[in-house]
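Written below as structure tokens is the structure these notes are about.
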Amino acid sequence: MKLKLKNVFLAYFLVSIAGLLYALVQLGQPCDCLPPLRAAAEQLRQKDLRISQLQADLRRPPPAPAQPPEPEALPTIYVVTPTYARYGLWYAQEMRWTRGVSVWPVGLVGGLRFEGPRVQDGRVVGFHTAWEPNRPFPVDMAGFAVALPLLLAKPNAQFDATAPRGHLESSLLSHLVDPRDLEPRAANCTRVLVWHTRTEKPKMKQEEQLQRQGRGSDPAVEV
Ligand SMILES: *[C@@H]1O[C@H](CO)[C@@H](O)[C@H](O)[C@H]1NC(C)=O
């Protein structure tokens with residue numbers, strides 16, 4: 001059969017008209033599309049509500065920081081004192097000057113002769129330790145003091161009991177101080193005046209290991 005172009009156009013035209021008429025008829029018919037539309041509108045409304053609640057929360061001013069009590073009403077220093085550490089008399093004397101967080105070496109700890117901050121020009125520039133030296137604050141629990149007013153001014157500063165092993169000190173101190181602002185004590189951390197003590201010969205495994213690498217504890221420091 002031979003198709004004439006004119007007939008193809010005619011058929012196309014008729015089909016289009018029929019489609020248009022069908023659509024026009026449908027327009028007047030009742031439709032049960034309302035419930036899904038309502039549900040969608042309700043969902044959008046809930047979302048808007050949630051967003052405006054969140055925006056309101058954001059605009060609300062943060063709670064006023066807890067006012068630290070008057071300094072003279074307080075003992076100056078908060079000290080973390082594990083029962084297995086021994087402190088000399090200097091401890092009470094020198095720590096009184098702690099303004100933020102002070103640090104010092106601790107003897108016979110972490111398998112070393114001593115662990116402690118490295119100090120240059122009166123500032124802490126690193127830490128001598130064998131174990132995980134990249135912890136934010138690789139200091140021993142017996143090796144720091146925090147001024148009480150600072151602690152009270154930072155209500156979020158707490159020991160995190162779920163912190164990985166060796167990170168308990170860091171979990172508290174990272175809320176309180178930048179490592180560069182630590183205050184070195186014990187003659188710029190050149191003297192060991194606090195020790196971990198046990199009724200047995202101290203273990204020196206890490207010390208021997210570091211000595212083999214030429215990084216042992218400074219032999220000039222008396223422990
Ligand atoms: C610590 O070092 C600083 C800077 O070198 C110095 O001014 C200060 O006197 C030293 N402190 C002690 C107690 O040695």
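Each chain in the structure tokens gets a letter, A, B, ..., in the order shown, and its residues are numbered from 1; ligands are numbered from 1 in order too.
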Could I get the residue neighbourhood of ligand 1 at 7 Å, counting only C-alpha atoms and all ligand atoms, as a PyMOL selection string? chain A and resi 120-122+186-188
Limited to C-alpha atoms, could you put the picked residues into a file as a PDB file, in the first residue's frame?
```pdb
ATOM      1  CA  GLN A 120      63.192  25.493  75.247  1.00  0.00           C
ATOM      2  CA  ASP A 121      63.441  29.146  76.274  1.00  0.00           C
ATOM      3  CA  GLY A 122      60.988  28.565  79.073  1.00  0.00           C
ATOM      4  CA  ALA A 186      60.866  21.912  88.302  1.00  0.00           C
ATOM      5  CA  ALA A 187      63.571  24.230  86.882  1.00  0.00           C
ATOM      6  CA  ASN A 188      62.188  24.216  83.348  1.00  0.00           C
TER       7      ASN A 188
END
```
Which residues come within 8 Å of A:Arg123, counting only C-alpha atoms, excluding same-chain residues fewer than 5 positions away, as a PyMOL selection string? chain A and resi 180-184
Would you work out the distance separating atom CA of A:Gln206 from atom CA of A:Ala130, expressed in Å to one decimal?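 Separation between atom CA of A:Gln206 and atom CA of A:Ala130: 6.2 Å.
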Shell around stretch 103-111 of chain A at 9 Å using only C-alpha atoms, local window under 2 positions removed, as an mmCIF file with all heavy atoms, in the first residue's frame:
```
data_model
loop_
_atom_site.group_PDB
_atom_site.id
_atom_site.type_symbol
_atom_site.label_atom_id
_atom_site.label_comp_id
_atom_site.auth_asym_id
_atom_site.auth_seq_id
_atom_site.Cartn_x
_atom_site.Cartn_y
_atom_site.Cartn_z
ATOM 1 N N ALA A 85 52.113 7.734 93.345
ATOM 2 C CA ALA A 85 53.168 8.698 93.070
ATOM 3 C C ALA A 85 53.660 9.317 94.372
ATOM 4 O O ALA A 85 52.920 9.447 95.333
ATOM 5 C CB ALA A 85 52.659 9.785 92.144
ATOM 6 N N VAL A 101 47.771 25.506 83.454
ATOM 7 C CA VAL A 101 48.155 24.111 83.665
ATOM 8 C C VAL A 101 49.684 24.054 83.727
ATOM 9 O O VAL A 101 50.347 24.524 82.804
ATOM 10 C CB VAL A 101 47.659 23.210 82.509
ATOM 11 C CG1 VAL A 101 48.133 21.776 82.715
ATOM 12 C CG2 VAL A 101 46.142 23.259 82.398
ATOM 13 N N ARG A 113 63.598 6.000 82.678
ATOM 14 C CA ARG A 113 64.112 6.642 83.898
ATOM 15 C C ARG A 113 63.170 7.772 84.284
ATOM 16 O O ARG A 113 62.850 7.961 85.440
ATOM 17 C CB ARG A 113 65.523 7.163 83.654
ATOM 18 C CG ARG A 113 66.558 6.044 83.514
ATOM 19 C CD ARG A 113 67.949 6.606 83.285
ATOM 20 N NE ARG A 113 68.398 7.392 84.420
ATOM 21 C CZ ARG A 113 68.724 8.684 84.358
ATOM 22 N NH1 ARG A 113 68.682 9.323 83.200
ATOM 23 N NH2 ARG A 113 69.112 9.328 85.424
ATOM 24 N N PHE A 114 62.800 8.554 83.302
ATOM 25 C CA PHE A 114 61.757 9.555 83.559
ATOM 26 C C PHE A 114 61.056 9.912 82.254
ATOM 27 O O PHE A 114 61.588 9.705 81.171
ATOM 28 C CB PHE A 114 62.333 10.828 84.217
ATOM 29 C CG PHE A 114 63.221 11.639 83.311
ATOM 30 C CD1 PHE A 114 62.702 12.648 82.516
ATOM 31 C CD2 PHE A 114 64.584 11.384 83.245
ATOM 32 C CE1 PHE A 114 63.512 13.385 81.673
ATOM 33 C CE2 PHE A 114 65.403 12.114 82.403
ATOM 34 C CZ PHE A 114 64.875 13.113 81.612
ATOM 35 N N GLU A 115 59.856 10.437 82.396
ATOM 36 C CA GLU A 115 59.093 11.009 81.278
ATOM 37 C C GLU A 115 58.894 12.475 81.594
ATOM 38 O O GLU A 115 58.731 12.831 82.758
ATOM 39 C CB GLU A 115 57.698 10.388 81.210
ATOM 40 C CG GLU A 115 57.544 9.178 80.355
ATOM 41 C CD GLU A 115 56.076 8.750 80.254
ATOM 42 O OE1 GLU A 115 55.187 9.409 80.852
ATOM 43 O OE2 GLU A 115 55.833 7.763 79.587
ATOM 44 N N GLY A 116 58.836 13.324 80.581
ATOM 45 C CA GLY A 116 58.555 14.715 80.926
ATOM 46 C C GLY A 116 58.583 15.627 79.725
ATOM 47 O O GLY A 116 58.984 15.239 78.629
ATOM 48 N N PRO A 117 58.136 16.884 79.939
ATOM 49 C CA PRO A 117 58.115 17.860 78.856
ATOM 50 C C PRO A 117 59.544 18.253 78.468
ATOM 51 O O PRO A 117 60.440 18.250 79.302
ATOM 52 C CB PRO A 117 57.392 19.061 79.468
ATOM 53 C CG PRO A 117 56.722 18.546 80.689
ATOM 54 C CD PRO A 117 57.533 17.410 81.177
ATOM 55 N N VAL A 124 57.244 24.835 76.690
ATOM 56 C CA VAL A 124 57.191 23.405 76.379
ATOM 57 C C VAL A 124 57.155 23.240 74.859
ATOM 58 O O VAL A 124 56.279 23.776 74.191
ATOM 59 C CB VAL A 124 55.948 22.758 77.022
ATOM 60 C CG1 VAL A 124 55.815 21.306 76.563
ATOM 61 C CG2 VAL A 124 56.034 22.832 78.537
ATOM 62 N N HIS A 128 59.308 14.034 76.266
ATOM 63 C CA HIS A 128 60.157 12.848 76.258
ATOM 64 C C HIS A 128 59.332 11.689 76.792
ATOM 65 O O HIS A 128 58.950 11.671 77.966
ATOM 66 C CB HIS A 128 61.392 13.096 77.150
ATOM 67 C CG HIS A 128 62.214 11.860 77.359
ATOM 68 N ND1 HIS A 128 62.845 11.202 76.323
ATOM 69 C CD2 HIS A 128 62.494 11.157 78.478
ATOM 70 C CE1 HIS A 128 63.477 10.152 76.810
ATOM 71 N NE2 HIS A 128 63.267 10.094 78.106
ATOM 72 N N THR A 129 59.001 10.770 75.918
ATOM 73 C CA THR A 129 58.224 9.595 76.309
ATOM 74 C C THR A 129 58.476 8.513 75.278
ATOM 75 O O THR A 129 58.851 8.813 74.148
ATOM 76 C CB THR A 129 56.718 9.922 76.387
ATOM 77 O OG1 THR A 129 56.015 8.732 76.759
ATOM 78 C CG2 THR A 129 56.160 10.401 75.057
ATOM 79 N N ALA A 130 58.290 7.255 75.677
ATOM 80 C CA ALA A 130 58.525 6.177 74.710
ATOM 81 C C ALA A 130 57.216 5.739 74.091
ATOM 82 O O ALA A 130 57.176 5.237 72.979
ATOM 83 C CB ALA A 130 59.187 4.988 75.414
ATOM 84 N N TRP A 131 56.131 5.965 74.820
ATOM 85 C CA TRP A 131 54.869 5.357 74.426
ATOM 86 C C TRP A 131 53.929 6.368 73.777
ATOM 87 O O TRP A 131 53.596 7.381 74.381
ATOM 88 C CB TRP A 131 54.216 4.722 75.652
ATOM 89 C CG TRP A 131 53.148 3.775 75.268
ATOM 90 C CD1 TRP A 131 53.314 2.564 74.661
ATOM 91 C CD2 TRP A 131 51.754 3.982 75.427
ATOM 92 N NE1 TRP A 131 52.094 1.994 74.432
ATOM 93 C CE2 TRP A 131 51.121 2.834 74.893
ATOM 94 C CE3 TRP A 131 50.977 5.006 75.954
ATOM 95 C CZ2 TRP A 131 49.752 2.696 74.882
ATOM 96 C CZ3 TRP A 131 49.604 4.851 75.935
ATOM 97 C CH2 TRP A 131 49.009 3.717 75.408
ATOM 98 N N VAL A 139 51.580 13.244 78.845
ATOM 99 C CA VAL A 139 52.059 13.464 80.207
ATOM 100 C C VAL A 139 51.417 12.442 81.135
ATOM 101 O O VAL A 139 50.325 11.944 80.866
ATOM 102 C CB VAL A 139 51.714 14.888 80.716
ATOM 103 C CG1 VAL A 139 52.414 15.937 79.901
ATOM 104 C CG2 VAL A 139 50.220 15.134 80.713
ATOM 105 N N ASP A 140 52.114 12.157 82.221
ATOM 106 C CA ASP A 140 51.594 11.202 83.188
ATOM 107 C C ASP A 140 50.595 11.900 84.112
ATOM 108 O O ASP A 140 50.646 13.110 84.314
ATOM 109 C CB ASP A 140 52.752 10.640 84.007
ATOM 110 C CG ASP A 140 52.271 9.580 84.973
ATOM 111 O OD1 ASP A 140 51.977 8.473 84.520
ATOM 112 O OD2 ASP A 140 52.151 9.887 86.184
ATOM 113 N N ALA A 142 50.571 11.953 87.140
ATOM 114 C CA ALA A 142 51.259 12.591 88.272
ATOM 115 C C ALA A 142 52.061 13.801 87.832
ATOM 116 O O ALA A 142 52.744 14.410 88.641
ATOM 117 C CB ALA A 142 52.186 11.579 88.943
ATOM 118 N N GLY A 143 51.990 14.165 86.548
ATOM 119 C CA GLY A 143 52.905 15.170 86.027
ATOM 120 C C GLY A 143 52.287 16.506 85.688
ATOM 121 O O GLY A 143 52.873 17.283 84.943
ATOM 122 N N PHE A 144 51.115 16.820 86.230
ATOM 123 C CA PHE A 144 50.541 18.127 85.921
ATOM 124 C C PHE A 144 49.617 18.601 87.037
ATOM 125 O O PHE A 144 49.136 17.803 87.849
ATOM 126 C CB PHE A 144 49.787 18.115 84.592
ATOM 127 C CG PHE A 144 48.554 17.256 84.574
ATOM 128 C CD1 PHE A 144 47.307 17.797 84.903
ATOM 129 C CD2 PHE A 144 48.609 15.924 84.219
ATOM 130 C CE1 PHE A 144 46.170 17.016 84.885
ATOM 131 C CE2 PHE A 144 47.467 15.135 84.198
ATOM 132 C CZ PHE A 144 46.246 15.684 84.527
ATOM 133 N N ALA A 145 49.398 19.915 87.054
ATOM 134 C CA ALA A 145 48.424 20.502 87.975
ATOM 135 C C ALA A 145 47.604 21.522 87.206
ATOM 136 O O ALA A 145 48.088 22.135 86.250
ATOM 137 C CB ALA A 145 49.123 21.179 89.144
ATOM 138 N N LEU A 182 51.513 25.347 78.179
ATOM 139 C CA LEU A 182 51.797 24.652 79.434
ATOM 140 C C LEU A 182 52.901 25.408 80.179
ATOM 141 O O LEU A 182 53.823 25.943 79.560
ATOM 142 C CB LEU A 182 52.254 23.217 79.128
ATOM 143 C CG LEU A 182 51.166 22.283 78.588
ATOM 144 C CD1 LEU A 182 51.789 20.994 78.068
ATOM 145 C CD2 LEU A 182 50.121 21.990 79.655
ATOM 146 N N GLU A 183 52.798 25.440 81.508
ATOM 147 C CA GLU A 183 53.793 26.168 82.314
ATOM 148 C C GLU A 183 54.794 25.165 82.883
ATOM 149 O O GLU A 183 54.441 24.351 83.730
ATOM 150 C CB GLU A 183 53.069 26.902 83.452
ATOM 151 C CG GLU A 183 52.033 27.897 82.961
ATOM 152 C CD GLU A 183 50.985 28.214 84.026
ATOM 153 O OE1 GLU A 183 51.319 28.252 85.219
ATOM 154 O OE2 GLU A 183 49.807 28.406 83.642
ATOM 155 N N PRO A 184 56.038 25.197 82.398
ATOM 156 C CA PRO A 184 57.013 24.225 82.901
ATOM 157 C C PRO A 184 57.436 24.550 84.332
ATOM 158 O O PRO A 184 57.716 25.701 84.655
ATOM 159 C CB PRO A 184 58.187 24.353 81.924
ATOM 160 C CG PRO A 184 58.012 25.655 81.235
ATOM 161 C CD PRO A 184 56.574 26.069 81.352
ATOM 162 N N ARG A 185 57.481 23.529 85.179
ATOM 163 C CA ARG A 185 57.953 23.683 86.561
ATOM 164 C C ARG A 185 59.214 22.835 86.731
ATOM 165 O O ARG A 185 59.688 22.235 85.777
ATOM 166 C CB ARG A 185 56.863 23.221 87.536
ATOM 167 C CG ARG A 185 55.648 24.108 87.522
ATOM 168 C CD ARG A 185 55.866 25.367 88.361
ATOM 169 N NE ARG A 185 54.703 26.229 88.295
ATOM 170 C CZ ARG A 185 54.601 27.293 87.501
ATOM 171 N NH1 ARG A 185 55.610 27.629 86.721
ATOM 172 N NH2 ARG A 185 53.513 28.028 87.474
ATOM 173 N N ALA A 186 59.671 22.709 87.982
ATOM 174 C CA ALA A 186 60.866 21.912 88.302
ATOM 175 C C ALA A 186 62.048 22.371 87.452
ATOM 176 O O ALA A 186 62.630 21.586 86.693
ATOM 177 C CB ALA A 186 60.572 20.418 88.120
ATOM 178 N N ALA A 187 62.424 23.654 87.593
ATOM 179 C CA ALA A 187 63.571 24.230 86.882
ATOM 180 C C ALA A 187 63.486 23.936 85.386
ATOM 181 O O ALA A 187 64.365 23.301 84.802
ATOM 182 C CB ALA A 187 64.870 23.714 87.477
ATOM 183 N N ASN A 188 62.419 24.427 84.781
ATOM 184 C CA ASN A 188 62.188 24.216 83.348
ATOM 185 C C ASN A 188 62.228 22.729 82.989
ATOM 186 O O ASN A 188 62.753 22.327 81.955
ATOM 187 C CB ASN A 188 63.215 25.001 82.514
ATOM 188 C CG ASN A 188 62.871 26.481 82.471
ATOM 189 O OD1 ASN A 188 61.705 26.865 82.478
ATOM 190 N ND2 ASN A 188 63.892 27.321 82.434
ATOM 191 N N CYS A 189 61.662 21.914 83.870
ATOM 192 C CA CYS A 189 61.540 20.470 83.652
ATOM 193 C C CYS A 189 62.898 19.773 83.538
ATOM 194 O O CYS A 189 63.022 18.765 82.843
ATOM 195 C CB CYS A 189 60.671 20.166 82.428
ATOM 196 S SG CYS A 189 58.987 20.747 82.609
ATOM 197 N N THR A 190 63.916 20.326 84.213
ATOM 198 C CA THR A 190 65.219 19.658 84.194
ATOM 199 C C THR A 190 65.436 18.834 85.460
ATOM 200 O O THR A 190 66.456 18.172 85.602
ATOM 201 C CB THR A 190 66.368 20.688 84.108
ATOM 202 O OG1 THR A 190 66.259 21.575 85.234
ATOM 203 C CG2 THR A 190 66.288 21.487 82.817
ATOM 204 N N ARG A 191 64.505 18.892 86.417
ATOM 205 C CA ARG A 191 64.686 18.120 87.650
ATOM 206 C C ARG A 191 63.517 17.169 87.847
ATOM 207 O O ARG A 191 62.367 17.504 87.540
ATOM 208 C CB ARG A 191 64.785 19.068 88.847
ATOM 209 C CG ARG A 191 65.994 19.994 88.736
ATOM 210 C CD ARG A 191 66.234 20.716 90.017
ATOM 211 N NE ARG A 191 66.491 19.793 91.124
ATOM 212 C CZ ARG A 191 66.397 20.145 92.409
ATOM 213 N NH1 ARG A 191 66.025 21.353 92.735
ATOM 214 N NH2 ARG A 191 66.646 19.263 93.348
ATOM 215 N N VAL A 192 63.842 15.995 88.349
ATOM 216 C CA VAL A 192 62.796 15.016 88.651
ATOM 217 C C VAL A 192 62.514 15.071 90.145
ATOM 218 O O VAL A 192 63.389 14.789 90.959
ATOM 219 C CB VAL A 192 63.223 13.596 88.238
ATOM 220 C CG1 VAL A 192 62.195 12.572 88.704
ATOM 221 C CG2 VAL A 192 63.372 13.520 86.726
ATOM 222 N N LEU A 193 61.322 15.483 90.488
ATOM 223 C CA LEU A 193 60.960 15.651 91.899
ATOM 224 C C LEU A 193 59.702 14.865 92.252
ATOM 225 O O LEU A 193 59.182 14.950 93.367
ATOM 226 C CB LEU A 193 60.746 17.144 92.188
ATOM 227 C CG LEU A 193 61.995 18.006 91.932
ATOM 228 C CD1 LEU A 193 61.632 19.463 91.783
ATOM 229 C CD2 LEU A 193 63.018 17.810 93.030
ATOM 230 N N VAL A 194 59.201 14.125 91.277
ATOM 231 C CA VAL A 194 58.015 13.284 91.484
ATOM 232 C C VAL A 194 58.327 11.925 90.863
ATOM 233 O O VAL A 194 58.905 11.858 89.790
ATOM 234 C CB VAL A 194 56.787 13.886 90.763
ATOM 235 C CG1 VAL A 194 55.579 12.977 90.896
ATOM 236 C CG2 VAL A 194 56.475 15.270 91.299
ATOM 237 N N TRP A 195 57.968 10.859 91.543
ATOM 238 C CA TRP A 195 58.273 9.530 91.043
ATOM 239 C C TRP A 195 57.053 8.617 91.136
ATOM 240 O O TRP A 195 56.248 8.760 92.061
ATOM 241 C CB TRP A 195 59.384 8.862 91.883
ATOM 242 C CG TRP A 195 60.666 9.598 91.918
ATOM 243 C CD1 TRP A 195 61.776 9.338 91.174
ATOM 244 C CD2 TRP A 195 61.008 10.695 92.769
ATOM 245 N NE1 TRP A 195 62.781 10.218 91.491
ATOM 246 C CE2 TRP A 195 62.337 11.066 92.470
ATOM 247 C CE3 TRP A 195 60.321 11.424 93.747
ATOM 248 C CZ2 TRP A 195 62.982 12.114 93.111
ATOM 249 C CZ3 TRP A 195 60.967 12.468 94.386
ATOM 250 C CH2 TRP A 195 62.291 12.803 94.062
ATOM 251 N N HIS A 196 56.974 7.702 90.203
ATOM 252 C CA HIS A 196 56.093 6.559 90.413
ATOM 253 C C HIS A 196 56.872 5.590 91.291
ATOM 254 O O HIS A 196 58.028 5.304 90.990
ATOM 255 C CB HIS A 196 55.801 5.866 89.078
ATOM 256 C CG HIS A 196 54.598 6.420 88.395
ATOM 257 N ND1 HIS A 196 53.768 5.648 87.638
ATOM 258 C CD2 HIS A 196 54.093 7.671 88.362
ATOM 259 C CE1 HIS A 196 52.790 6.397 87.155
ATOM 260 N NE2 HIS A 196 52.964 7.629 87.577
ATOM 261 N N THR A 197 56.265 5.110 92.347
ATOM 262 C CA THR A 197 57.010 4.183 93.202
ATOM 263 C C THR A 197 56.250 2.878 93.358
ATOM 264 O O THR A 197 55.021 2.850 93.426
ATOM 265 C CB THR A 197 57.254 4.783 94.603
ATOM 266 O OG1 THR A 197 56.001 5.247 95.102
ATOM 267 C CG2 THR A 197 58.247 5.915 94.545
ATOM 268 N N PRO A 202 62.262 -1.010 89.385
ATOM 269 C CA PRO A 202 61.535 -0.433 88.247
ATOM 270 C C PRO A 202 61.875 -1.134 86.939
ATOM 271 O O PRO A 202 63.010 -1.551 86.727
ATOM 272 C CB PRO A 202 62.020 1.013 88.208
ATOM 273 C CG PRO A 202 62.714 1.256 89.490
ATOM 274 C CD PRO A 202 63.161 -0.054 90.032
ATOM 275 N N LYS A 203 60.872 -1.245 86.079
ATOM 276 C CA LYS A 203 61.102 -1.852 84.757
ATOM 277 C C LYS A 203 61.650 -0.776 83.826
ATOM 278 O O LYS A 203 61.139 0.337 83.798
ATOM 279 C CB LYS A 203 59.792 -2.412 84.215
ATOM 280 C CG LYS A 203 59.225 -3.528 85.059
ATOM 281 C CD LYS A 203 58.053 -4.208 84.366
ATOM 282 C CE LYS A 203 57.541 -5.388 85.183
ATOM 283 N NZ LYS A 203 56.688 -4.933 86.316
ATOM 284 N N MET A 204 62.660 -1.105 83.049
ATOM 285 C CA MET A 204 63.340 -0.117 82.201
ATOM 286 C C MET A 204 63.357 -0.571 80.745
ATOM 287 O O MET A 204 64.287 -0.272 80.011
ATOM 288 C CB MET A 204 64.785 0.079 82.698
ATOM 289 C CG MET A 204 64.890 0.816 84.005
ATOM 290 S SD MET A 204 64.509 2.557 83.809
ATOM 291 C CE MET A 204 63.346 2.812 85.126
ATOM 292 N N LYS A 205 62.321 -1.293 80.338
ATOM 293 C CA LYS A 205 62.332 -1.882 78.997
ATOM 294 C C LYS A 205 62.372 -0.805 77.907
ATOM 295 O O LYS A 205 63.176 -0.861 76.979
ATOM 296 C CB LYS A 205 61.072 -2.744 78.832
ATOM 297 C CG LYS A 205 61.242 -3.838 77.814
ATOM 298 C CD LYS A 205 60.141 -4.877 77.887
ATOM 299 C CE LYS A 205 59.611 -5.159 76.499
ATOM 300 N NZ LYS A 205 58.168 -5.224 76.427
ATOM 301 N N GLN A 206 61.511 0.204 78.047
ATOM 302 C CA GLN A 206 61.465 1.257 77.016
ATOM 303 C C GLN A 206 62.764 2.065 77.022
ATOM 304 O O GLN A 206 63.236 2.515 75.993
ATOM 305 C CB GLN A 206 60.286 2.212 77.243
ATOM 306 C CG GLN A 206 58.979 1.539 77.552
ATOM 307 C CD GLN A 206 58.557 0.579 76.476
ATOM 308 O OE1 GLN A 206 58.857 0.780 75.311
ATOM 309 N NE2 GLN A 206 57.889 -0.484 76.873
ATOM 310 N N GLU A 207 63.333 2.247 78.232
ATOM 311 C CA GLU A 207 64.583 2.998 78.350
ATOM 312 C C GLU A 207 65.672 2.322 77.523
ATOM 313 O O GLU A 207 66.362 2.982 76.733
ATOM 314 C CB GLU A 207 64.996 3.052 79.821
ATOM 315 C CG GLU A 207 66.193 3.939 80.092
ATOM 316 C CD GLU A 207 65.874 5.422 79.882
ATOM 317 O OE1 GLU A 207 64.944 5.911 80.520
ATOM 318 O OE2 GLU A 207 66.549 6.066 79.063
ATOM 319 N N GLU A 208 65.797 0.994 77.687
ATOM 320 C CA GLU A 208 66.828 0.265 76.943
ATOM 321 C C GLU A 208 66.582 0.388 75.442
ATOM 322 O O GLU A 208 67.504 0.591 74.658
ATOM 323 C CB GLU A 208 66.829 -1.208 77.371
ATOM 324 C CG GLU A 208 67.389 -1.406 78.778
ATOM 325 C CD GLU A 208 66.826 -2.631 79.481
ATOM 326 O OE1 GLU A 208 66.267 -3.514 78.783
ATOM 327 O OE2 GLU A 208 66.916 -2.695 80.722
ATOM 328 N N VAL A 223 67.559 10.979 88.842
ATOM 329 C CA VAL A 223 66.224 10.440 89.100
ATOM 330 C C VAL A 223 66.186 9.809 90.487
ATOM 331 O O VAL A 223 67.073 9.060 90.830
ATOM 332 C CB VAL A 223 65.837 9.390 88.029
ATOM 333 C CG1 VAL A 223 64.481 8.785 88.349
ATOM 334 C CG2 VAL A 223 65.791 10.040 86.663
#
```
Do a neighbour search on A:Asp160 at 12 Å with only C-alpha atoms, toss out local chain neighbours closer than 3 positions, and write the hits as a compact mmCIF listing (two decimals) with N, CA and C atoms, in the first residue's frame.
```txt
# COMPACT_ATOMS: atom_id res chain seq x y z
N ASN A 156 32.97 22.00 80.68
CA ASN A 156 33.01 20.80 79.82
C ASN A 156 34.28 19.98 80.02
N ALA A 157 35.24 20.53 80.75
CA ALA A 157 36.51 19.82 80.91
C ALA A 157 36.34 18.69 81.91
N ALA A 163 38.03 7.14 77.05
CA ALA A 163 39.21 7.44 76.22
C ALA A 163 40.10 6.21 76.12
N PRO A 164 40.77 6.04 74.96
CA PRO A 164 41.67 4.89 74.85
C PRO A 164 42.79 4.97 75.88
N ARG A 165 43.41 3.82 76.16
CA ARG A 165 44.45 3.74 77.18
C ARG A 165 45.54 4.79 76.90
N GLY A 166 45.91 5.52 77.94
CA GLY A 166 46.97 6.53 77.79
C GLY A 166 46.46 7.87 77.33
N HIS A 167 45.17 7.97 77.04
CA HIS A 167 44.62 9.23 76.55
C HIS A 167 43.75 9.94 77.58
N LEU A 168 43.72 9.40 78.80
CA LEU A 168 42.87 9.99 79.83
C LEU A 168 43.32 11.42 80.16
N GLU A 169 44.63 11.60 80.30
CA GLU A 169 45.16 12.93 80.62
C GLU A 169 44.82 13.90 79.49
N SER A 170 45.01 13.44 78.23
CA SER A 170 44.72 14.31 77.08
C SER A 170 43.25 14.67 77.02
N SER A 171 42.39 13.74 77.44
CA SER A 171 40.95 14.00 77.32
C SER A 171 40.55 15.18 78.21
N LEU A 172 41.23 15.35 79.32
CA LEU A 172 40.93 16.49 80.19
C LEU A 172 41.67 17.74 79.70
N LEU A 173 42.99 17.58 79.48
CA LEU A 173 43.82 18.76 79.24
C LEU A 173 43.50 19.44 77.92
N SER A 174 43.03 18.67 76.92
CA SER A 174 42.76 19.32 75.63
C SER A 174 41.59 20.29 75.73
N HIS A 175 40.77 20.17 76.79
CA HIS A 175 39.70 21.16 77.00
C HIS A 175 40.23 22.42 77.67
```
Filtered DSSP result for stretch 93-156 of chain A, state strand (DSSP E), as a PyMOL selection string: chain A and resi 101-103+106-109+112-120+123-128+144-147
Suppose you want the space between atom CA of A:Trp97 and atom CA of A:Ala147; what is it in Å? 8.8 Å
